[in-house]
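What follows is a set of notes on a single structure, which appears directly below.
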Amino acid sequence: MTIVKHELRQGRTAFLIWTGAISLLLAICIFLFPEMKSQMDTVSEMFASMGSFTAAFGMDRLNFGTLTGYYAIECGNVLGLGGAFYAALCAVEILSKEEKARTADFLLTHPVSRVRIVSEKLLSVFLRIAAMNLVIYLVSAGSMLAIGESVPWKQMSLLHLAYFLLQLEIAGVCFGLSAFLRRGSVGIGLGVAALMYFMNLIANITKSAEFLKYFTPFGFCDGATIVEDGRIDGAILAAGLALGALGILAAYLKYPKKDIA
Amino acid sequence: MEAIVTRKLTKYYGKNRGIEDLDLSVEDGGFFGFIGPNGAGKSTTIRSLLGLITPTSGSAEVFGKDILTEKTAILAETGYLPSEALFYSGMRVRDALKLSADLRKKDCAKEAAQLCERLKLDPARKIDELSFGNRKKVGIVCALQSRPRLLILDEPTGGLDPLIQHEFFEILRERNEEGATVFLSSHVLSEIRRYCRRAAVIREGRVIACDSVEALSRTSVRRVSVRGRVDLDGLDGLKDVVHAGDAVNFLYSGEMKPLLDRLAAGEIADLNVSEPDLEEIFLHYYQKEEA
């Protein structure tokens with residue numbers, strides 16, 4: 001587990017910054033909820049008059065006046081986007097950085113098989129994402145208790161599980177890309193995460209683009225389905241996890257044979 | 001057993017040649033020099049042996065192990081120093097040495113401490129703050145601390161001051177005497193002449209000469225220095241002719257009699273005929289191939 005430990009140490013600063021920033025933003029959103037609740041009439045009217053954007057962000061089916069409805073939308077924006085970016089950054093750089101920083105000559109000339117390197121690096125990405133989600137989950141629950149609300153454990157846990165799976169899918173796709181890239185990986189990783197986010201917004205706006213939900217993990221993170229129906233859409237989730245698994249498989253096939261020039 | 005054997009080893013990068021039909025043999029326990037200018041294929045050969053790149057065709061073995069199928073076992077017995085030693089940012093020297101030892105599943109702390117002391121390397125320093133030469137020292141300690149059976153060193157002395165270079169070669173000599181094979185890639189020919197017993201000359205991806213350093217140095221070419229007046233026009237076998245005042249200096253690879261006739265016909269104040277040094281022989285090999 002030498003490489004896992006090394007990677008966790010190397011990614012410590014980025015982990016603290018991203019985890020701290022997302023936790024803080026979510027906590028701020030939760031602390032704003034009591035004030036939002038008191039102005040619910042104005043707020044609901046404002047969100048209802050946003051046309052297609054109301055549907056794009058799932059605000060047409062969620063009650064903004066309840067903590068779960070409010071949290072589902074805020075969680076989607078903050079944890080959804082922030083978590084996706086962090087997962088993409090972690091994964092897209094994890095293999096390619098060795099060539100970019102030219103440390104591959106150091107790592108790959110030690111008696112560790114490339115398959116093992118891929119496995120340990122993948123595990124380190126998973127551990128970072130899991131740790132970030134655990135911290136955010138605890139901070140969110142703590143913030144809800146701090147404003148005197150009872151924590152909607154079931155809906156909140158399901159929401160966080162969906163976003164954790166979203167990050168794993170994006171990480172899987174970006175991990176696969178990382179095996180092929182040599183440089184410029186950060187931009188590509190952020191691009192993938194942003195593309196998937198906007199694909200879901202488009203799918204929410206128009207019926208004819210609904211199929212896009214199967215190509216983006218934001219599709220199975222629909223707050224309305226999770227909070228109102230108490231479930232994650234299984235078909236979209238299966239498609240998403242398959243896409244992530246495909247990325248990981250591509251990394252295992254490519255990296256052991258890759259020329260490190 | 002041979003430490004390194006390559007058979008028709010070929011590597012193409014797309015359409016560009018890296019090495020072509022490269023045959024090489026390095027004896028176990030040898031101190032072997034690998035000579036060639038930039039772009040000749042030295043690094044491609046080394047990277048193939050270490051499994052960093054996959055050869056296009058041909059085969060190679062290290063201690064009888066195939067470089068494609070027994071890569072990890074080969075790396076367990078090999079210490080490698082790249083021409084430019086780069087490490088992870090934010091690490092201290094001791095962290096990099098520990099990481100290298102951990103990746104080998106060995107405790108090399110004692111050996112690392114001794115090497116750091118001999119090479120005057122402070123393990124507490126941050127690698128990002130080190131000069132090129134000091135980073136090279138970190139690479140040297142990483143390569144040597146596990147006491148590997150084979151040392152592959154790619155341009156090892158770049159950036160090292162003369163005292164450290166001397167100490168470094170002293171360590172290599174000790175390791176070689178203890179049985180380790182040293183494979184030294186360099187274009188600093190004085191290093192090869194001083195320390196290696198055998199050497200190969202590589203040019204445009206092919207080995208053009210491979211023999212003992214003594215045999216490689218043995219050549220019919222002579223360095224001739226003449227002070228006085230002599231007519232050399234039209235004489236075959238002249239190379240590298242340099243006129244300085246009333247003196248002329250050149251490499252001569254032709255028959256001796258025509259040269260002596262010309263010298264006898266001239267007015268010679270002083271004459272020196274000597275064996276050329278390895279640098280000149282190296283040029284001779286290249287010019288011979290080009291001719």
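As shown in the structure tokens, the chain order sets the letters A, B, ...; within each chain, residues go from 1, and ligands are also counted from 1 in the order they appear.
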* Asked: segment 226-234 of chain A: which residues within 10 Å, counting only C-alpha atoms, same-chain residues fewer than 6 positions away excluded, as a count of residues only?
  -> 19
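Near chain B, within 9 Å and using only C-alpha atoms, the residues of chain A are Thr2, Ile3, His6, Gln10, Glu98, Ala101, Arg102, Thr103, Ala104, Asp105, Phe106, Leu107, Leu108, Thr109, His110, Pro111, Val112, Ser113, Lys257, Lys258, Asp259, Ile260 and Ala261 of chain A.
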* To do: If you run DSSP over the backbone, which residues in segment 122-180 of chain B end up helix (DSSP H, G or I)? Put them as a PyMOL selection string.
  => chain B and resi 127-129+132-144+162-177
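Proximity to Asn133 of chain A was assessed for A:Arg183, A:His160, A:Arg114, A:Lys121 counting only C-alpha atoms; the smallest distance is recorded for A:His160.
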* List every residue of segment 21-121 of chain B that DSSP, applied to the backbone of this structure, places in strand (DSSP E or B), and write the result as a count of residues only. => 25
* May I have the residues within 8 Å of Val62 of chain B as an MDAnalysis selection string, using only C-alpha atoms and disregarding those fewer than 4 positions away in the same chain? => chainID B and resid 2:5 49 66:67 74
Would you save the residues from that selection as a tab-separated table (two decimals), in the first residue's frame, using N, CA, C and O atoms?
```tsv
chain	number	residue	atom	x	y	z
B	2	GLU	N	25.19	-13.82	-18.71
B	2	GLU	CA	25.31	-12.42	-19.11
B	2	GLU	C	24.34	-11.57	-18.28
B	2	GLU	O	23.23	-12.02	-17.98
B	3	ALA	N	24.74	-10.39	-17.91
B	3	ALA	CA	23.83	-9.50	-17.17
B	3	ALA	C	22.77	-8.94	-18.13
B	3	ALA	O	21.59	-8.87	-17.80
B	4	ILE	N	23.23	-8.53	-19.30
B	4	ILE	CA	22.30	-7.96	-20.31
B	4	ILE	C	22.60	-8.59	-21.67
B	4	ILE	O	23.76	-8.67	-22.07
B	5	VAL	N	21.55	-9.03	-22.33
B	5	VAL	CA	21.69	-9.51	-23.71
B	5	VAL	C	20.54	-8.91	-24.52
B	5	VAL	O	19.37	-9.01	-24.10
B	49	LEU	N	15.16	-1.80	-21.70
B	49	LEU	CA	15.62	-2.78	-20.71
B	49	LEU	C	14.83	-2.65	-19.40
B	49	LEU	O	14.56	-3.63	-18.72
B	66	ASP	N	13.34	-12.32	-19.26
B	66	ASP	CA	12.81	-11.59	-20.43
B	66	ASP	C	12.27	-10.22	-20.01
B	66	ASP	O	11.53	-10.12	-19.03
B	67	ILE	N	12.65	-9.19	-20.78
B	67	ILE	CA	12.24	-7.83	-20.37
B	67	ILE	C	10.74	-7.58	-20.49
B	67	ILE	O	10.21	-6.66	-19.88
B	74	ILE	N	13.11	-8.20	-12.88
B	74	ILE	CA	14.31	-7.49	-13.35
B	74	ILE	C	14.50	-6.21	-12.54
B	74	ILE	O	15.60	-5.91	-12.07
```
* To do: Go ahead and compute the interatomic distance for atom CA of Thr225 of chain A and atom CA of Leu127 of chain A, in Å to one decimal.
  => 27.8 Å
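For the choices B:Gly30, B:Arg222, B:Glu155, B:Ser146, the atom-to-atom distance to Tyr195 of chain B is smallest for B:Gly30 when using only C-alpha atoms.
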* Asked: Which neighbours of Val230 of chain B fall inside 10 Å, counting only C-alpha atoms, when residues of the same chain fewer than 2 positions from it are skipped, and could you give them as a list in words?
  -> Val226, Arg227, Gly228, Leu232, Asp233, Asp246, Ala247, Val248, Arg262, Leu263, Ala264, Ala265, Gly266, Glu267 and Ile268 of chain B
Using only C-alpha atoms, which protein or nucleic acid residues come within 10 Å of Leu237 of chain A? Drop anything in the same chain fewer than 4 positions from it, and give the result as a compact mmCIF listing (two decimals) with all heavy atoms, in the first residue's frame.
```txt
# COMPACT_ATOMS: atom_id res chain seq x y z
N ALA A 162 -26.21 9.18 -3.73
CA ALA A 162 -26.30 9.44 -5.17
C ALA A 162 -25.12 10.29 -5.63
O ALA A 162 -24.49 9.99 -6.65
CB ALA A 162 -27.62 10.14 -5.50
N LEU A 165 -21.95 8.27 -5.70
CA LEU A 165 -21.91 7.41 -6.90
C LEU A 165 -21.62 8.26 -8.15
O LEU A 165 -20.90 7.82 -9.06
CB LEU A 165 -23.21 6.63 -7.05
CG LEU A 165 -23.48 5.60 -5.95
CD1 LEU A 165 -24.89 5.03 -6.06
CD2 LEU A 165 -22.46 4.48 -5.99
N LEU A 166 -22.18 9.47 -8.18
CA LEU A 166 -21.90 10.40 -9.29
C LEU A 166 -20.39 10.66 -9.39
O LEU A 166 -19.79 10.58 -10.46
CB LEU A 166 -22.65 11.71 -9.06
CG LEU A 166 -22.28 12.94 -9.92
CD1 LEU A 166 -23.54 13.74 -10.22
CD2 LEU A 166 -21.26 13.84 -9.30
N GLU A 169 -18.55 7.68 -10.71
CA GLU A 169 -18.67 7.51 -12.17
C GLU A 169 -17.74 8.48 -12.89
O GLU A 169 -16.99 8.07 -13.80
CB GLU A 169 -20.12 7.75 -12.63
CG GLU A 169 -20.22 7.57 -14.15
CD GLU A 169 -21.57 7.97 -14.73
OE1 GLU A 169 -22.59 7.89 -14.01
OE2 GLU A 169 -21.59 8.35 -15.91
N LYS A 213 -29.75 11.86 -20.08
CA LYS A 213 -29.63 11.49 -18.66
C LYS A 213 -28.84 10.19 -18.49
O LYS A 213 -28.22 9.96 -17.46
CB LYS A 213 -31.02 11.31 -18.04
CG LYS A 213 -31.65 12.61 -17.60
CD LYS A 213 -32.96 12.34 -16.90
CE LYS A 213 -33.64 13.63 -16.47
NZ LYS A 213 -32.94 14.28 -15.36
N TYR A 214 -28.91 9.32 -19.52
CA TYR A 214 -28.20 8.04 -19.44
C TYR A 214 -26.69 8.20 -19.62
O TYR A 214 -25.93 7.29 -19.36
CB TYR A 214 -28.75 7.05 -20.47
CG TYR A 214 -30.13 6.57 -20.10
CD1 TYR A 214 -31.27 7.24 -20.56
CD2 TYR A 214 -30.30 5.49 -19.23
CE1 TYR A 214 -32.54 6.83 -20.19
CE2 TYR A 214 -31.57 5.07 -18.85
CZ TYR A 214 -32.69 5.75 -19.33
OH TYR A 214 -33.94 5.34 -18.95
N PHE A 215 -26.27 9.37 -20.08
CA PHE A 215 -24.83 9.59 -20.33
C PHE A 215 -24.20 10.51 -19.30
O PHE A 215 -23.05 10.88 -19.41
CB PHE A 215 -24.62 10.16 -21.75
CG PHE A 215 -25.11 9.23 -22.81
CD1 PHE A 215 -26.37 9.39 -23.38
CD2 PHE A 215 -24.32 8.16 -23.22
CE1 PHE A 215 -26.83 8.52 -24.34
CE2 PHE A 215 -24.77 7.28 -24.20
CZ PHE A 215 -26.02 7.46 -24.76
N THR A 216 -25.01 10.90 -18.32
CA THR A 216 -24.45 11.77 -17.28
C THR A 216 -24.91 11.29 -15.90
O THR A 216 -26.09 10.98 -15.71
CB THR A 216 -24.87 13.25 -17.48
OG1 THR A 216 -24.63 13.97 -16.26
CG2 THR A 216 -26.32 13.41 -17.87
N PRO A 217 -24.00 11.25 -14.94
CA PRO A 217 -24.40 10.81 -13.59
C PRO A 217 -25.32 11.80 -12.90
O PRO A 217 -25.99 11.44 -11.93
CB PRO A 217 -23.06 10.68 -12.86
CG PRO A 217 -22.13 11.59 -13.58
CD PRO A 217 -22.56 11.57 -15.01
N PHE A 218 -25.37 13.03 -13.39
CA PHE A 218 -26.29 13.99 -12.80
C PHE A 218 -27.74 13.55 -13.04
O PHE A 218 -28.64 13.96 -12.34
CB PHE A 218 -26.05 15.40 -13.38
CG PHE A 218 -24.77 16.01 -12.89
CD1 PHE A 218 -23.60 15.87 -13.62
CD2 PHE A 218 -24.73 16.72 -11.70
CE1 PHE A 218 -22.41 16.42 -13.16
CE2 PHE A 218 -23.53 17.28 -11.24
CZ PHE A 218 -22.37 17.13 -11.98
N GLY A 219 -27.91 12.66 -14.03
CA GLY A 219 -29.23 12.14 -14.36
C GLY A 219 -29.84 11.33 -13.21
O GLY A 219 -31.03 11.43 -12.93
N PHE A 220 -29.02 10.52 -12.54
CA PHE A 220 -29.58 9.72 -11.43
C PHE A 220 -29.50 10.46 -10.09
O PHE A 220 -29.84 9.90 -9.06
CB PHE A 220 -28.95 8.31 -11.36
CG PHE A 220 -27.47 8.27 -11.06
CD1 PHE A 220 -26.98 8.53 -9.79
CD2 PHE A 220 -26.56 7.91 -12.05
CE1 PHE A 220 -25.63 8.46 -9.51
CE2 PHE A 220 -25.20 7.83 -11.79
CZ PHE A 220 -24.73 8.11 -10.50
N CYS A 221 -29.01 11.71 -10.13
CA CYS A 221 -28.95 12.50 -8.89
C CYS A 221 -30.10 13.50 -8.83
O CYS A 221 -30.01 14.50 -8.11
CB CYS A 221 -27.62 13.24 -8.80
SG CYS A 221 -26.25 12.14 -8.50
N ILE A 232 -33.32 6.09 -6.08
CA ILE A 232 -32.44 6.54 -7.17
C ILE A 232 -32.89 5.77 -8.41
O ILE A 232 -33.16 4.57 -8.32
CB ILE A 232 -30.96 6.22 -6.85
CG1 ILE A 232 -30.51 6.97 -5.58
CG2 ILE A 232 -30.05 6.57 -8.02
CD1 ILE A 232 -29.15 6.56 -5.05
N ASP A 233 -32.97 6.47 -9.55
CA ASP A 233 -33.40 5.79 -10.79
C ASP A 233 -32.39 4.69 -11.16
O ASP A 233 -31.24 4.97 -11.53
CB ASP A 233 -33.51 6.82 -11.92
CG ASP A 233 -34.15 6.23 -13.16
OD1 ASP A 233 -33.73 5.14 -13.59
OD2 ASP A 233 -35.09 6.86 -13.70
N LEU A 241 -22.90 3.68 -13.84
CA LEU A 241 -21.84 2.87 -13.23
C LEU A 241 -21.10 2.05 -14.30
O LEU A 241 -19.89 1.83 -14.19
CB LEU A 241 -22.43 1.96 -12.14
CG LEU A 241 -22.95 2.71 -10.90
CD1 LEU A 241 -23.47 1.71 -9.86
CD2 LEU A 241 -21.88 3.60 -10.27
N ALA A 242 -21.85 1.63 -15.33
CA ALA A 242 -21.22 0.90 -16.43
C ALA A 242 -20.21 1.78 -17.15
O ALA A 242 -19.11 1.34 -17.49
CB ALA A 242 -22.28 0.40 -17.40
N LEU A 243 -20.58 3.06 -17.32
CA LEU A 243 -19.67 4.01 -17.98
C LEU A 243 -18.40 4.21 -17.15
O LEU A 243 -17.28 4.21 -17.69
CB LEU A 243 -20.40 5.35 -18.17
CG LEU A 243 -19.78 6.35 -19.14
CD1 LEU A 243 -19.76 5.79 -20.55
CD2 LEU A 243 -20.58 7.66 -19.12
```
* Asked: If we count only C-alpha atoms, what is near His187 of chain B at a cut-off of 10 Å, once residues fewer than 2 positions away on the same chain are taken out, given as a list in words?
  -> Gly33, Phe34, Ile35, Gly36, Pro37, Asn38, Lys42, Asp154, Glu155, Leu184, Ser185, Leu189, Ser190, Glu191, Ile192, Val201, Glu279 and Phe282 of chain B
Limited to N, CA, C and O atoms, could you put the picked residues into a file as an mmCIF file, in the first residue's frame?
```cif
data_model
loop_
_atom_site.group_PDB
_atom_site.id
_atom_site.type_symbol
_atom_site.label_atom_id
_atom_site.label_comp_id
_atom_site.auth_asym_id
_atom_site.auth_seq_id
_atom_site.Cartn_x
_atom_site.Cartn_y
_atom_site.Cartn_z
ATOM 1 N N GLY B 33 30.677 0.429 -20.577
ATOM 2 C CA GLY B 33 30.377 1.786 -21.046
ATOM 3 C C GLY B 33 29.538 1.738 -22.306
ATOM 4 O O GLY B 33 29.745 0.883 -23.159
ATOM 5 N N PHE B 34 28.594 2.642 -22.393
ATOM 6 C CA PHE B 34 27.706 2.715 -23.557
ATOM 7 C C PHE B 34 27.856 4.128 -24.107
ATOM 8 O O PHE B 34 27.389 5.095 -23.502
ATOM 9 N N ILE B 35 28.556 4.223 -25.231
ATOM 10 C CA ILE B 35 28.957 5.538 -25.740
ATOM 11 C C ILE B 35 28.139 5.913 -26.968
ATOM 12 O O ILE B 35 27.905 5.081 -27.845
ATOM 13 N N GLY B 36 27.755 7.147 -27.029
ATOM 14 C CA GLY B 36 27.055 7.624 -28.224
ATOM 15 C C GLY B 36 26.607 9.048 -28.031
ATOM 16 O O GLY B 36 26.352 9.469 -26.892
ATOM 17 N N PRO B 37 26.485 9.801 -29.116
ATOM 18 C CA PRO B 37 26.029 11.191 -28.988
ATOM 19 C C PRO B 37 24.529 11.252 -28.710
ATOM 20 O O PRO B 37 23.844 10.222 -28.739
ATOM 21 N N ASN B 38 24.025 12.444 -28.478
ATOM 22 C CA ASN B 38 22.584 12.611 -28.240
ATOM 23 C C ASN B 38 21.796 12.073 -29.432
ATOM 24 O O ASN B 38 22.174 12.318 -30.579
ATOM 25 N N LYS B 42 20.867 5.632 -26.974
ATOM 26 C CA LYS B 42 21.297 5.136 -25.653
ATOM 27 C C LYS B 42 20.102 5.036 -24.698
ATOM 28 O O LYS B 42 19.860 3.998 -24.087
ATOM 29 N N ASP B 154 22.386 6.515 -16.498
ATOM 30 C CA ASP B 154 22.262 7.279 -17.741
ATOM 31 C C ASP B 154 22.851 8.677 -17.510
ATOM 32 O O ASP B 154 22.261 9.468 -16.773
ATOM 33 N N GLU B 155 23.960 8.955 -18.134
ATOM 34 C CA GLU B 155 24.660 10.243 -17.972
ATOM 35 C C GLU B 155 24.731 10.598 -16.486
ATOM 36 O O GLU B 155 24.168 11.612 -16.058
ATOM 37 N N LEU B 184 27.060 1.864 -17.798
ATOM 38 C CA LEU B 184 27.208 3.318 -17.728
ATOM 39 C C LEU B 184 27.042 3.935 -19.114
ATOM 40 O O LEU B 184 27.856 3.715 -20.004
ATOM 41 N N SER B 185 25.961 4.685 -19.287
ATOM 42 C CA SER B 185 25.743 5.367 -20.554
ATOM 43 C C SER B 185 26.294 6.783 -20.437
ATOM 44 O O SER B 185 25.982 7.501 -19.484
ATOM 45 N N LEU B 189 33.799 10.675 -22.561
ATOM 46 C CA LEU B 189 34.620 9.511 -22.861
ATOM 47 C C LEU B 189 35.723 9.269 -21.841
ATOM 48 O O LEU B 189 36.155 8.137 -21.652
ATOM 49 N N SER B 190 36.158 10.339 -21.167
ATOM 50 C CA SER B 190 37.205 10.143 -20.156
ATOM 51 C C SER B 190 36.699 9.233 -19.032
ATOM 52 O O SER B 190 37.460 8.440 -18.472
ATOM 53 N N GLU B 191 35.399 9.334 -18.716
ATOM 54 C CA GLU B 191 34.812 8.457 -17.685
ATOM 55 C C GLU B 191 34.876 7.002 -18.141
ATOM 56 O O GLU B 191 35.229 6.110 -17.379
ATOM 57 N N ILE B 192 34.494 6.773 -19.372
ATOM 58 C CA ILE B 192 34.477 5.413 -19.919
ATOM 59 C C ILE B 192 35.903 4.848 -19.908
ATOM 60 O O ILE B 192 36.120 3.706 -19.485
ATOM 61 N N VAL B 201 29.938 1.275 -28.811
ATOM 62 C CA VAL B 201 29.686 2.575 -29.435
ATOM 63 C C VAL B 201 28.401 2.442 -30.242
ATOM 64 O O VAL B 201 28.256 1.516 -31.045
ATOM 65 N N GLU B 279 38.482 10.230 -27.182
ATOM 66 C CA GLU B 279 37.593 11.188 -27.833
ATOM 67 C C GLU B 279 37.818 11.183 -29.344
ATOM 68 O O GLU B 279 36.891 11.172 -30.135
ATOM 69 N N PHE B 282 36.629 7.972 -30.899
ATOM 70 C CA PHE B 282 35.171 8.027 -30.985
ATOM 71 C C PHE B 282 34.754 8.767 -32.264
ATOM 72 O O PHE B 282 33.941 8.285 -33.047
#
```
